[in-house]
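A.B. asks: Quick one, coords-v1.cif (mmCIF, C-alpha atoms):
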```
data_entry
loop_
_atom_site.label_atom_id
_atom_site.label_comp_id
_atom_site.auth_asym_id
_atom_site.auth_seq_id
_atom_site.Cartn_x
_atom_site.Cartn_y
_atom_site.Cartn_z
CA MET G 205 54.78 -166.87 -276.00
CA THR G 206 54.58 -166.36 -272.37
CA GLN G 207 55.77 -162.96 -271.10
CA PRO G 208 57.61 -162.82 -267.81
CA PRO G 209 55.80 -160.95 -265.11
CA SER G 210 56.53 -157.29 -265.16
CA ILE G 211 58.40 -155.96 -262.17
CA PRO G 212 57.75 -152.40 -261.17
CA PRO G 213 60.81 -150.19 -261.26
CA GLU G 214 62.45 -149.43 -258.03
CA TYR G 215 62.47 -145.86 -256.81
CA PRO G 216 65.08 -144.43 -254.53
CA GLU G 217 64.11 -144.11 -250.86
CA PRO G 218 63.30 -140.58 -249.86
CA THR G 219 65.85 -138.91 -247.72
CA GLY G 220 65.51 -136.25 -245.11
CA GLY G 221 61.95 -137.23 -244.17
CA PRO G 222 61.37 -138.95 -240.88
CA ALA G 223 59.42 -142.12 -240.80
CA HIS G 224 55.84 -142.04 -239.45
CA PRO G 225 55.43 -143.88 -236.20
CA ASP G 226 52.98 -146.44 -237.68
CA GLY G 227 55.24 -147.20 -240.66
CA ALA G 228 53.73 -144.96 -243.30
CA GLN G 229 56.02 -142.99 -245.48
CA VAL G 230 56.05 -139.23 -245.19
CA PRO G 231 56.40 -137.30 -248.47
CA PRO G 232 59.77 -135.60 -248.92
CA ALA G 233 60.22 -132.04 -247.82
CA ARG G 234 60.04 -129.32 -250.41
CA PRO G 235 63.45 -128.20 -251.66
CA PRO G 236 64.54 -124.79 -250.40
CA VAL G 237 63.81 -121.87 -252.68
CA PRO G 238 66.89 -119.83 -253.48
CA GLY G 239 66.71 -116.28 -252.17
CA PRO G 240 66.85 -114.41 -248.87
CA ARG G 241 65.79 -116.36 -245.79
CA GLN G 242 62.26 -115.50 -244.61
CA PRO G 243 61.20 -115.77 -240.97
CA HIS G 244 58.99 -118.70 -240.21
CA ILE G 245 55.30 -117.69 -239.58
CA PRO G 246 53.03 -120.42 -238.20
CA PRO G 247 49.85 -120.87 -240.16
CA GLN G 248 46.72 -119.25 -238.70
CA ALA G 249 43.31 -120.94 -238.53
CA PRO G 250 40.75 -119.29 -240.76
CA PRO G 251 38.20 -117.12 -238.85
CA TYR G 252 34.76 -118.63 -238.42
CA PRO G 253 31.51 -116.66 -238.09
CA GLN G 254 30.29 -116.07 -234.55
CA PRO G 255 27.07 -117.91 -233.53
CA PRO G 256 23.97 -115.73 -233.16
CA GLN G 257 23.23 -114.43 -229.65
CA TYR G 258 19.94 -115.61 -228.25
CA PRO G 259 18.17 -113.94 -225.33
CA THR G 260 18.85 -115.48 -221.94
CA ALA G 261 16.18 -116.52 -219.41
CA ALA G 262 16.61 -113.29 -217.46
CA ALA G 263 16.04 -111.12 -220.50
CA GLN G 264 12.52 -109.83 -220.88
CA PRO G 265 10.87 -110.05 -224.28
CA PRO G 266 9.78 -106.79 -225.83
CA PRO G 267 6.16 -105.82 -225.28
CA TYR G 268 3.75 -106.81 -227.97
CA PRO G 269 0.43 -105.35 -228.87
CA THR G 270 -2.62 -106.65 -227.00
CA GLY G 271 -4.21 -109.62 -228.69
CA GLN G 272 -1.00 -110.85 -230.45
CA GLN G 273 1.40 -113.55 -229.33
CA PRO G 274 5.22 -113.12 -229.30
CA PRO G 275 7.14 -115.09 -232.00
CA GLN G 276 8.56 -118.48 -231.16
CA TYR G 277 12.36 -118.86 -231.28
CA PRO G 278 14.04 -121.74 -233.11
CA GLY G 279 13.83 -124.97 -231.21
CA ALA G 280 10.68 -124.07 -229.32
CA GLY G 281 8.39 -125.82 -231.77
CA PRO G 282 6.50 -124.64 -234.81
CA ALA G 283 4.90 -121.26 -234.41
CA PRO G 284 1.17 -121.07 -235.06
CA HIS G 285 0.03 -119.44 -238.21
CA TYR G 286 -1.63 -116.06 -237.73
CA PRO G 287 -3.53 -114.20 -240.38
CA SER G 288 -1.89 -111.15 -241.82
CA THR G 289 -4.75 -108.95 -240.71
CA PRO G 290 -5.87 -109.71 -237.15
CA GLN G 291 -9.60 -110.25 -236.92
CA PRO G 292 -11.60 -109.51 -233.74
CA GLN G 293 -12.39 -112.73 -231.92
CA PRO G 294 -15.57 -113.19 -229.89
CA PRO G 295 -15.03 -113.81 -226.16
CA TYR G 296 -15.44 -117.51 -225.45
CA PRO G 297 -16.33 -118.84 -221.98
CA HIS G 298 -13.18 -120.96 -221.87
CA ALA G 299 -10.80 -118.08 -222.55
CA ALA G 300 -8.05 -117.95 -219.94
CA ALA G 301 -8.15 -114.16 -219.72
CA ALA G 302 -11.87 -114.04 -218.92
CA PRO G 303 -12.56 -113.73 -215.17
CA PRO G 304 -14.88 -116.31 -213.56
CA PRO G 305 -18.50 -115.23 -213.20
CA PRO G 306 -19.57 -114.00 -209.78
CA TYR G 307 -21.57 -116.57 -207.82
CA PRO G 308 -24.43 -115.60 -205.53
CA GLN G 309 -23.66 -115.45 -201.85
CA THR G 310 -25.43 -118.32 -200.08
CA SER G 311 -24.08 -117.78 -196.60
CA ALA G 312 -24.04 -115.07 -193.98
CA VAL G 313 -20.56 -113.96 -195.11
CA PRO G 314 -20.76 -110.55 -196.82
CA PRO G 315 -19.54 -110.27 -200.42
CA PRO G 316 -15.82 -109.58 -200.97
CA GLY G 317 -14.88 -105.94 -200.80
CA SER G 318 -17.77 -104.89 -198.56
CA PRO G 319 -16.97 -103.83 -194.98
CA LEU G 320 -17.66 -106.45 -192.34
CA HIS G 321 -20.27 -105.83 -189.68
CA PRO G 322 -18.79 -105.29 -186.20
CA HIS G 323 -20.69 -108.36 -185.00
CA HIS G 324 -19.65 -110.58 -187.89
CA ILE G 325 -17.95 -113.83 -186.85
CA ASP G 326 -15.83 -116.24 -188.84
CA THR G 327 -17.68 -119.51 -189.30
CA ALA G 328 -14.92 -121.28 -191.25
CA HIS G 329 -14.43 -124.94 -190.38
CA ARG G 330 -11.60 -125.40 -187.90
CA GLY G 331 -11.32 -129.16 -188.04
CA ARG G 332 -12.16 -131.47 -185.18
CA VAL G 333 -13.91 -129.86 -182.22
CA HIS G 334 -14.34 -131.05 -178.67
CA VAL G 335 -17.72 -132.60 -177.87
CA SER G 336 -18.65 -132.66 -174.21
CA SER G 337 -19.58 -135.99 -172.68
CA ARG G 338 -22.52 -134.35 -170.88
CA GLN G 339 -24.77 -132.92 -173.55
CA ARG G 340 -27.59 -131.63 -171.32
CA HIS G 341 -28.70 -131.53 -167.73
CA THR G 342 -31.61 -130.44 -165.55
CA ASP G 343 -30.77 -127.21 -163.75
CA ALA G 344 -32.63 -125.62 -160.85
CA THR G 345 -35.09 -123.74 -163.06
CA ALA G 346 -36.07 -126.88 -164.97
CA PHE G 347 -36.54 -128.82 -161.75
CA GLY G 348 -38.56 -125.96 -160.24
CA ASN G 349 -40.74 -125.84 -163.33
CA LEU G 350 -41.59 -129.51 -162.96
CA LEU G 351 -42.27 -129.07 -159.24
CA LEU G 352 -44.61 -126.12 -159.82
CA HIS G 353 -46.56 -128.08 -162.40
CA LEU G 354 -47.30 -130.81 -159.85
CA PRO G 355 -50.63 -129.25 -158.67
CA ASN G 356 -51.69 -128.87 -162.29
CA PHE G 357 -50.76 -132.49 -162.89
CA LEU G 358 -52.88 -133.66 -159.95
CA CYS G 359 -55.88 -131.64 -161.10
CA SER G 360 -55.50 -133.07 -164.60
CA LEU G 361 -55.32 -136.57 -163.11
CA VAL G 362 -58.63 -135.96 -161.32
CA VAL G 363 -60.22 -134.72 -164.53
CA VAL G 364 -58.97 -137.70 -166.53
CA ALA G 365 -60.18 -140.11 -163.82
CA LEU G 366 -63.66 -138.53 -163.81
CA VAL G 367 -63.91 -138.67 -167.58
CA SER G 368 -62.62 -142.26 -167.72
CA LEU G 369 -65.45 -143.40 -165.40
CA ILE G 370 -67.72 -143.18 -168.41
CA LEU G 371 -65.81 -146.08 -170.02
CA GLY G 372 -66.37 -148.39 -167.08
CA ASP G 373 -63.87 -151.26 -167.08
CA PHE G 374 -61.49 -149.43 -169.42
CA ALA G 375 -61.06 -146.49 -167.04
CA LEU G 376 -57.72 -147.72 -165.69
CA LEU G 377 -56.36 -148.23 -169.21
CA VAL G 378 -57.31 -144.66 -170.10
CA ILE G 379 -55.49 -143.30 -167.06
CA LEU G 380 -52.36 -145.36 -167.78
CA ALA G 381 -52.39 -144.31 -171.42
CA TRP G 382 -52.56 -140.66 -170.40
CA LEU G 383 -49.67 -141.09 -167.97
CA ALA G 384 -47.54 -142.75 -170.66
CA SER G 385 -48.40 -140.10 -173.25
CA GLY G 386 -45.75 -137.80 -171.80
CA ALA G 387 -43.10 -139.85 -173.62
CA LEU G 388 -44.42 -138.43 -176.89
CA VAL G 389 -42.70 -135.17 -175.98
CA PHE G 390 -39.40 -136.78 -177.02
CA HIS G 391 -40.80 -138.54 -180.08
CA ARG G 392 -39.40 -136.92 -183.23
CA PRO G 393 -42.52 -137.22 -185.44
CA THR G 394 -44.68 -135.86 -182.61
CA GLU G 395 -42.24 -132.98 -182.12
CA SER G 396 -42.46 -132.17 -185.82
CA THR G 397 -46.24 -132.23 -185.72
CA LEU G 398 -46.37 -129.90 -182.72
CA ALA G 399 -43.83 -127.55 -184.29
CA ARG G 400 -45.72 -127.41 -187.59
CA HIS G 401 -49.28 -127.01 -186.30
CA LEU G 402 -48.93 -125.32 -182.91
CA LEU G 403 -45.83 -123.15 -183.37
CA ARG G 404 -46.31 -122.54 -187.11
CA LEU G 405 -42.75 -123.57 -187.94
CA ARG G 406 -41.50 -124.96 -191.24
CA TYR G 407 -38.37 -126.56 -192.62
CA PRO G 408 -35.82 -124.06 -193.99
CA THR G 409 -35.22 -123.70 -197.71
CA PRO G 410 -31.79 -124.67 -199.15
CA GLN G 411 -30.74 -121.00 -199.14
CA GLU G 412 -31.87 -120.55 -195.54
CA ARG G 413 -30.16 -123.76 -194.50
CA ALA G 414 -26.91 -122.56 -196.12
CA THR G 415 -27.09 -119.54 -193.80
CA LEU G 416 -28.20 -121.34 -190.65
CA GLU G 417 -25.93 -124.39 -190.63
CA PRO G 418 -22.51 -122.62 -190.54
CA VAL G 419 -23.72 -120.40 -187.69
CA TRP G 420 -25.20 -123.39 -185.85
CA ARG G 421 -21.94 -125.35 -186.23
CA GLU G 422 -20.04 -122.43 -184.72
CA VAL G 423 -22.42 -122.23 -181.76
CA THR G 424 -22.40 -125.95 -181.04
CA ALA G 425 -18.61 -126.15 -181.48
CA ARG G 426 -18.12 -123.51 -178.80
CA ALA G 427 -20.60 -125.24 -176.50
CA GLY G 428 -19.18 -128.74 -177.09
CA VAL G 429 -22.62 -130.00 -178.15
CA GLU G 430 -23.44 -132.38 -180.98
CA GLY G 431 -25.31 -130.08 -183.35
CA ARG G 432 -26.80 -132.88 -185.44
CA ALA G 433 -28.97 -133.90 -182.49
CA TYR G 434 -31.13 -130.82 -183.08
CA GLU G 435 -33.36 -129.68 -185.95
CA LEU G 436 -33.38 -126.15 -187.37
CA TRP G 437 -36.78 -124.65 -188.24
CA VAL G 438 -37.96 -121.27 -189.51
CA LYS G 439 -41.11 -119.26 -188.75
CA ASP G 440 -42.37 -116.70 -191.27
CA SER G 441 -42.66 -113.59 -189.13
CA ASP G 442 -41.65 -109.93 -189.24
CA SER G 443 -40.70 -109.88 -185.56
CA LEU G 444 -37.38 -110.68 -183.94
CA ASN G 445 -37.88 -113.94 -182.07
CA ALA G 446 -36.73 -117.54 -181.66
CA VAL G 447 -37.98 -120.64 -179.90
CA ALA G 448 -36.62 -123.82 -178.31
CA ALA G 449 -39.36 -126.40 -178.62
CA ALA G 450 -39.67 -129.92 -177.22
CA GLY G 451 -36.31 -131.65 -176.95
CA HIS G 452 -34.66 -131.18 -180.33
CA ILE G 453 -36.11 -128.15 -182.17
CA VAL G 454 -34.49 -124.72 -182.55
CA GLY G 455 -36.60 -122.25 -184.52
CA VAL G 456 -35.87 -118.69 -185.63
CA THR G 457 -38.06 -116.18 -187.40
CA SER G 458 -37.41 -115.12 -190.98
CA PHE G 459 -36.75 -111.59 -189.70
CA ALA G 460 -33.90 -112.81 -187.49
CA LEU G 461 -32.54 -114.94 -190.32
CA ASN G 462 -32.51 -112.23 -192.98
CA ARG G 463 -31.92 -109.03 -191.00
CA LEU G 464 -29.37 -109.95 -188.35
CA PRO G 465 -25.62 -110.34 -188.98
CA ASN G 466 -24.37 -113.83 -188.41
CA GLY G 467 -22.87 -112.92 -185.02
CA GLU G 468 -26.20 -111.72 -183.64
CA LEU G 469 -27.97 -114.69 -185.23
CA ALA G 470 -25.45 -116.93 -183.45
CA ALA G 471 -26.26 -115.18 -180.15
CA VAL G 472 -29.98 -115.87 -180.65
CA MET G 473 -29.33 -119.54 -181.44
CA ALA G 474 -26.92 -119.87 -178.51
CA HIS G 475 -29.65 -118.52 -176.22
CA GLU G 476 -32.09 -121.16 -177.47
CA LEU G 477 -29.41 -123.83 -177.12
CA GLY G 478 -29.08 -122.77 -173.48
CA HIS G 479 -32.74 -123.64 -172.97
CA HIS G 480 -32.11 -127.12 -174.38
CA VAL G 481 -28.89 -127.70 -172.46
CA GLY G 482 -30.48 -126.61 -169.19
CA GLY G 483 -33.59 -128.75 -169.70
CA HIS G 484 -35.95 -125.77 -169.86
CA ALA G 485 -37.55 -126.75 -173.17
CA TRP G 486 -38.52 -130.34 -172.38
CA SER G 487 -39.55 -129.63 -168.77
CA GLY G 488 -41.80 -126.76 -169.85
CA LEU G 489 -43.45 -128.81 -172.59
CA LEU G 490 -43.87 -131.83 -170.31
CA GLY G 491 -45.50 -129.71 -167.61
CA HIS G 492 -47.77 -128.05 -170.14
CA TRP G 493 -48.77 -131.44 -171.58
CA TYR G 494 -49.83 -132.91 -168.24
CA ALA G 495 -51.61 -129.68 -167.26
CA LEU G 496 -53.64 -129.64 -170.48
CA PRO G 497 -56.68 -131.66 -169.20
CA GLY G 498 -56.98 -129.39 -166.17
CA ARG G 499 -56.72 -126.28 -168.37
CA ILE G 500 -59.45 -127.56 -170.65
CA ALA G 501 -61.69 -128.33 -167.67
CA TRP G 502 -61.06 -124.85 -166.22
CA ARG G 503 -62.00 -123.16 -169.49
CA LEU G 504 -65.21 -125.17 -169.70
CA LEU G 505 -66.02 -124.28 -166.10
CA ARG G 506 -65.47 -120.59 -166.79
CA ALA G 507 -67.66 -120.72 -169.88
CA VAL G 508 -70.51 -122.47 -168.00
CA THR G 509 -70.19 -120.11 -165.04
CA GLY G 510 -70.31 -117.08 -167.30
CA PHE G 511 -73.39 -118.38 -169.06
CA LEU G 512 -75.19 -119.04 -165.77
CA PHE G 513 -74.25 -115.59 -164.50
CA HIS G 514 -75.83 -113.93 -167.53
CA VAL G 515 -78.94 -116.07 -167.04
CA SER G 516 -79.14 -115.13 -163.35
CA ARG G 517 -79.05 -111.44 -164.22
CA ALA G 518 -82.43 -111.87 -165.87
CA PHE G 519 -83.94 -112.59 -162.45
CA SER G 520 -82.68 -109.31 -160.97
CA CYS G 521 -80.61 -109.19 -157.80
CA ILE G 522 -82.21 -112.26 -156.27
CA GLY G 523 -81.05 -114.45 -159.11
CA VAL G 524 -77.50 -113.07 -158.90
CA ALA G 525 -77.38 -113.64 -155.16
CA PHE G 526 -78.64 -117.18 -155.54
CA PHE G 527 -76.03 -117.85 -158.21
CA GLY G 528 -73.30 -116.47 -155.96
CA LEU G 529 -74.32 -118.69 -153.10
CA CYS G 530 -74.31 -121.79 -155.30
CA VAL G 531 -70.87 -121.07 -156.78
CA GLY G 532 -69.43 -120.19 -153.38
CA GLY G 533 -70.73 -123.40 -151.81
CA ILE G 534 -69.24 -125.53 -154.60
CA ALA G 535 -65.90 -123.76 -154.33
CA PHE G 536 -65.74 -124.17 -150.55
CA ALA G 537 -66.63 -127.85 -150.79
CA THR G 538 -63.96 -128.40 -153.42
CA ILE G 539 -61.26 -126.60 -151.45
CA SER G 540 -62.05 -128.41 -148.22
CA THR G 541 -62.22 -131.79 -149.93
CA LEU G 542 -58.92 -131.38 -151.78
CA TYR G 543 -57.11 -129.96 -148.72
CA GLY G 544 -56.72 -126.49 -150.18
CA LEU G 545 -55.12 -127.66 -153.40
CA PRO G 546 -57.24 -125.36 -155.60
CA LEU G 547 -55.83 -122.37 -153.72
CA LEU G 548 -52.39 -123.29 -154.95
CA LEU G 549 -53.66 -123.13 -158.51
CA LEU G 550 -54.40 -119.45 -158.06
CA GLY G 551 -50.77 -118.70 -157.37
CA MET G 552 -49.26 -121.08 -159.92
CA PRO G 553 -49.27 -118.64 -162.87
CA TYR G 554 -47.19 -116.12 -160.91
CA ALA G 555 -44.74 -118.75 -159.70
CA LEU G 556 -44.36 -120.25 -163.17
CA ALA G 557 -43.78 -116.79 -164.63
CA ALA G 558 -41.03 -116.15 -162.08
CA VAL G 559 -39.34 -119.45 -162.98
CA GLY G 560 -39.67 -118.59 -166.67
CA ARG G 561 -37.89 -115.27 -166.13
CA ARG G 562 -35.10 -117.07 -164.30
CA SER G 563 -34.69 -119.56 -167.15
CA GLU G 564 -34.37 -116.68 -169.64
CA LEU G 565 -31.55 -115.16 -167.60
CA ARG G 566 -29.80 -118.53 -167.45
CA ALA G 567 -30.08 -118.89 -171.24
CA ASP G 568 -28.63 -115.39 -171.64
CA ARG G 569 -25.73 -116.39 -169.42
CA HIS G 570 -25.15 -119.50 -171.52
CA ALA G 571 -24.92 -117.43 -174.72
CA ALA G 572 -22.67 -114.85 -173.06
CA ALA G 573 -20.29 -117.52 -171.74
CA LEU G 574 -19.79 -118.73 -175.33
CA GLY G 575 -18.52 -115.29 -176.35
CA PHE G 576 -21.74 -113.78 -177.72
CA ALA G 577 -22.38 -111.20 -174.99
CA PRO G 578 -21.94 -108.07 -177.22
CA MET G 579 -24.07 -109.63 -179.96
CA LEU G 580 -26.78 -110.61 -177.47
CA ALA G 581 -26.84 -107.09 -176.02
CA ALA G 582 -27.35 -105.70 -179.54
CA VAL G 583 -30.20 -108.18 -180.12
CA LEU G 584 -31.86 -107.18 -176.84
CA ASP G 585 -31.62 -103.53 -177.83
CA LYS G 586 -33.30 -104.22 -181.18
CA LEU G 587 -35.96 -106.32 -179.47
CA HIS G 588 -36.62 -103.50 -176.99
CA GLN G 589 -37.00 -100.96 -179.79
CA GLN G 590 -39.34 -103.28 -181.65
CA GLU G 591 -41.52 -103.79 -178.58
CA GLN G 592 -41.69 -100.04 -177.99
CA ALA G 593 -42.72 -99.43 -181.60
CA GLN G 594 -45.45 -102.08 -181.39
CA GLU G 595 -46.70 -100.67 -178.10
CA GLN G 596 -46.86 -97.14 -179.48
CA ALA G 597 -48.70 -98.36 -182.56
CA ARG G 598 -51.21 -100.24 -180.41
CA LEU G 599 -51.83 -97.24 -178.16
CA ALA G 600 -52.14 -94.94 -181.15
CA ALA G 601 -54.72 -97.27 -182.68
CA ALA G 602 -56.65 -97.35 -179.39
CA GLY G 603 -56.39 -93.57 -178.95
CA GLN G 604 -54.78 -93.79 -175.52
CA GLY G 605 -51.91 -91.94 -173.92
CA GLY G 606 -48.76 -93.06 -172.17
CA GLY G 607 -50.51 -93.48 -168.79
CA ALA G 608 -52.43 -96.54 -169.98
CA ARG G 609 -49.17 -98.21 -170.91
CA MET G 610 -47.77 -97.66 -167.41
CA LYS G 611 -50.84 -99.20 -165.78
CA GLU G 612 -50.75 -102.21 -168.09
CA THR G 613 -47.05 -102.80 -167.43
CA ALA G 614 -47.49 -102.63 -163.67
CA ALA G 615 -50.40 -105.07 -163.76
CA SER G 616 -48.79 -107.65 -166.06
CA ARG G 617 -45.20 -107.55 -164.85
CA LEU G 618 -45.64 -110.46 -162.42
CA LEU G 619 -47.24 -112.60 -165.13
CA SER G 620 -44.56 -111.92 -167.74
CA SER G 621 -42.47 -114.96 -168.68
CA HIS G 622 -39.53 -112.80 -169.86
CA PRO G 623 -37.54 -110.24 -167.85
CA ASP G 624 -37.60 -106.64 -168.98
CA TYR G 625 -34.84 -105.21 -171.14
CA HIS G 626 -32.96 -103.43 -168.36
CA THR G 627 -32.87 -106.51 -166.13
CA ARG G 628 -31.44 -108.70 -168.88
CA LEU G 629 -28.86 -106.08 -169.83
CA HIS G 630 -27.85 -105.70 -166.17
CA HIS G 631 -27.08 -109.42 -165.89
CA LEU G 632 -24.89 -109.22 -169.02
CA GLN G 633 -22.64 -106.48 -167.65
CA GLU G 634 -20.12 -108.90 -166.16
CA TYR G 635 -19.55 -110.37 -169.66
CA LEU G 636 -19.51 -107.00 -171.43
CA GLN G 637 -16.80 -105.46 -169.25
CA PRO G 638 -13.27 -105.78 -170.72
CA ALA G 639 -10.98 -108.28 -169.07
CA ARG G 640 -8.41 -106.77 -166.72
#
```
Starting from the file, give its structure as structure tokens.
C.D. replies:
Amino acid sequence: MTQPPSIPPEYPEPTGGPAHPDGAQVPPARPPVPGPRQPHIPPQAPPYPQPPQYPTAAAQPPPYPTGQQPPQYPGAGPAPHYPSTPQPQPPYPHAAAAPPPPYPQTSAVPPPGSPLHPHHIDTAHRGRVHVSSRQRHTDATAFGNLLLHLPNFLCSLVVVALVSLILGDFALLVILAWLASGALVFHRPTESTLARHLLRLRYPTPQERATLEPVWREVTARAGVEGRAYELWVKDSDSLNAVAAAGHIVGVTSFALNRLPNGELAAVMAHELGHHVGGHAWSGLLGHWYALPGRIAWRLLRAVTGFLFHVSRAFSCIGVAFFGLCVGGIAFATISTLYGLPLLLLGMPYALAAVGRRSELRADRHAAALGFAPMLAAVLDKLHQQEQAQEQARLAAAGQGGGARMKETAASRLLSSHPDYHTRLHHLQEYLQPAR
């Protein structure tokens, strides 16, 4: 038999409870409890534990023993595992706390911490420098040097012409080849050959080049000269000296390289650069080159004359007188034929020495104008002391007194190619005086 569907019993609607805004029924309020009326106390939220306080960024962590790392806080990543008993660790090269090894000094800059020399200069690179459009010129001393070598050149031309007569038809070619050989003065391989075999110069080592090049860049930057146009050479010597050879060579001695502070070394190199800029180096070498045949002929003539004089002495006074008459007749004929030109040759060494002294003063002025006057004065003082020591040692070895030195100085002063110490220092006074 089919049962009718059961119908759930109906419950009375709750009273006294407001309806929920979205239609849900709110359970009825609790019936009042009989008794005295209690004041209404709102419910309080249960207390929660305070979060832990972490150190802020400004707080400093406590110091830890040397060799241990401070612990990592939560959120900073997993902390590395350390053994319970710290073991001594060997120092590794890549340790951050290890200082870098000291490197050897390869320049003229003194090591850190040591006091600087009063003549030390800063050779740090200052960027682009001004390069003058006129790199070199021919000043009055260079022109005078060429002019004074003209008689020597003519005598050499006569010698070459006489020797070339042996070749017959090729005589003119020999003379033209000799005239064109002067261009070899500016030929780089020829310059290197002359510097290596005649001047005993050599190329600097990497350590020496590391000392020379910063100083040379400073000198050429002040002068406005392209420094790469010149070659730096070194001469193994215990004396303080330098040389400007041919057209592109600047050489210094190993003594000047290793014993002088970089400021004084710069003064020496600036002096040699003054010879190149003024044209003294190439004009002197060119004049010497064209005078070489005449010099060789003069030395041969002196040797033959000396031999004949010793032979004539074997025939007593008559032989010497006869020899004198022969030599005098040849000399008079030569002078009258060449219009007195050989007489000029007798005075050429004195004139060339005077021009050489003037060129040295001009080179000193060039170095002083670049700001190296105090350094150059110090170098001249050291050079003067070195010359005095060498002179005293030579006189002591010869067993002579001071009077012999005075006679030698008076006799050779006119033939000296360099001014004396006091003259050079006198011409530097205008650069050594403080600016007003």
A.B. asks: Applied to this file, what does the PyMOL selection byres ((chain G and resi 578-593) around 9) return in terms of residues, put as a PyMOL selection string?
C.D. replies: chain G and resi 323+443-445+464+467-472+475+568+571-572+575-577+594-598+624-625+628-629+632+635-636
A.B. asks: State, in Å with one decimal place, the distance from atom CA of G:Ala460 to atom CA of G:Ala602.
C.D. replies: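 Distance reported for this atom pair: 28.7 Å.
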A.B. asks: Excluding G:Ala381 and its own-chain neighbours fewer than 5 positions away, which residues fall within 12 Å of it when counting only C-alpha atoms? Please give them as a PyMOL selection string.
C.D. replies: chain G and resi 361+364-365+368+374-376+386-388
A.B. asks: For a test of reading the model, state the distance in Å between atom CA of G:Gly528 and atom CA of G:Thr541, rounded to one decimal.
C.D. replies: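 The value is 19.8 Å.
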A.B. asks: Could you expand the PyMOL selection byres ((chain G and resi 347) around 10) into the explicit residues it covers here, written as a list in words?
C.D. replies: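 When the PyMOL selection byres ((chain G and resi 347) around 10) is applied to the shown file, the picked residues are Thr342, Asp343, Ala344, Thr345, Ala346, Gly348, Asn349, Leu350, Leu351, Leu352, Gly482, Gly483, His484, Ser487, Gly488 and Val559 of chain G.
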A.B. asks: Using only C-alpha atoms, determine which residues lie at most 12 Å from G:Trp420, disregarding the query and same-chain residues fewer than 3 positions distant; provide the list as a ChimeraX atom specification.
C.D. replies: /G:312,327-329,413-417,423-437,454-456,466-477
A.B. asks: Using only C-alpha atoms, please write the residues we just selected to a file, as a PDB file, in the coordinates of the input.
C.D. replies:
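Generated file (result_39.pdb):
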```
ATOM      1  CA  ALA G 312     -24.040-115.070-193.980  1.00  0.00           C
ATOM      2  CA  THR G 327     -17.680-119.510-189.300  1.00  0.00           C
ATOM      3  CA  ALA G 328     -14.920-121.280-191.250  1.00  0.00           C
ATOM      4  CA  HIS G 329     -14.430-124.940-190.380  1.00  0.00           C
ATOM      5  CA  ARG G 413     -30.160-123.760-194.500  1.00  0.00           C
ATOM      6  CA  ALA G 414     -26.910-122.560-196.120  1.00  0.00           C
ATOM      7  CA  THR G 415     -27.090-119.540-193.800  1.00  0.00           C
ATOM      8  CA  LEU G 416     -28.200-121.340-190.650  1.00  0.00           C
ATOM      9  CA  GLU G 417     -25.930-124.390-190.630  1.00  0.00           C
ATOM     10  CA  VAL G 423     -22.420-122.230-181.760  1.00  0.00           C
ATOM     11  CA  THR G 424     -22.400-125.950-181.040  1.00  0.00           C
ATOM     12  CA  ALA G 425     -18.610-126.150-181.480  1.00  0.00           C
ATOM     13  CA  ARG G 426     -18.120-123.510-178.800  1.00  0.00           C
ATOM     14  CA  ALA G 427     -20.600-125.240-176.500  1.00  0.00           C
ATOM     15  CA  GLY G 428     -19.180-128.740-177.090  1.00  0.00           C
ATOM     16  CA  VAL G 429     -22.620-130.000-178.150  1.00  0.00           C
ATOM     17  CA  GLU G 430     -23.440-132.380-180.980  1.00  0.00           C
ATOM     18  CA  GLY G 431     -25.310-130.080-183.350  1.00  0.00           C
ATOM     19  CA  ARG G 432     -26.800-132.880-185.440  1.00  0.00           C
ATOM     20  CA  ALA G 433     -28.970-133.900-182.490  1.00  0.00           C
ATOM     21  CA  TYR G 434     -31.130-130.820-183.080  1.00  0.00           C
ATOM     22  CA  GLU G 435     -33.360-129.680-185.950  1.00  0.00           C
ATOM     23  CA  LEU G 436     -33.380-126.150-187.370  1.00  0.00           C
ATOM     24  CA  TRP G 437     -36.780-124.650-188.240  1.00  0.00           C
ATOM     25  CA  VAL G 454     -34.490-124.720-182.550  1.00  0.00           C
ATOM     26  CA  GLY G 455     -36.600-122.250-184.520  1.00  0.00           C
ATOM     27  CA  VAL G 456     -35.870-118.690-185.630  1.00  0.00           C
ATOM     28  CA  ASN G 466     -24.370-113.830-188.410  1.00  0.00           C
ATOM     29  CA  GLY G 467     -22.870-112.920-185.020  1.00  0.00           C
ATOM     30  CA  GLU G 468     -26.200-111.720-183.640  1.00  0.00           C
ATOM     31  CA  LEU G 469     -27.970-114.690-185.230  1.00  0.00           C
ATOM     32  CA  ALA G 470     -25.450-116.930-183.450  1.00  0.00           C
ATOM     33  CA  ALA G 471     -26.260-115.180-180.150  1.00  0.00           C
ATOM     34  CA  VAL G 472     -29.980-115.870-180.650  1.00  0.00           C
ATOM     35  CA  MET G 473     -29.330-119.540-181.440  1.00  0.00           C
ATOM     36  CA  ALA G 474     -26.920-119.870-178.510  1.00  0.00           C
ATOM     37  CA  HIS G 475     -29.650-118.520-176.220  1.00  0.00           C
ATOM     38  CA  GLU G 476     -32.090-121.160-177.470  1.00  0.00           C
ATOM     39  CA  LEU G 477     -29.410-123.830-177.120  1.00  0.00           C
TER      40      LEU G 477
END
```
A.B. asks: In terms of the shortest atom-to-atom distance over only C-alpha atoms, which of G:Leu504, G:Leu461, G:Ala567, G:Val524 is closest to G:Gln411?
C.D. replies: G:Leu461
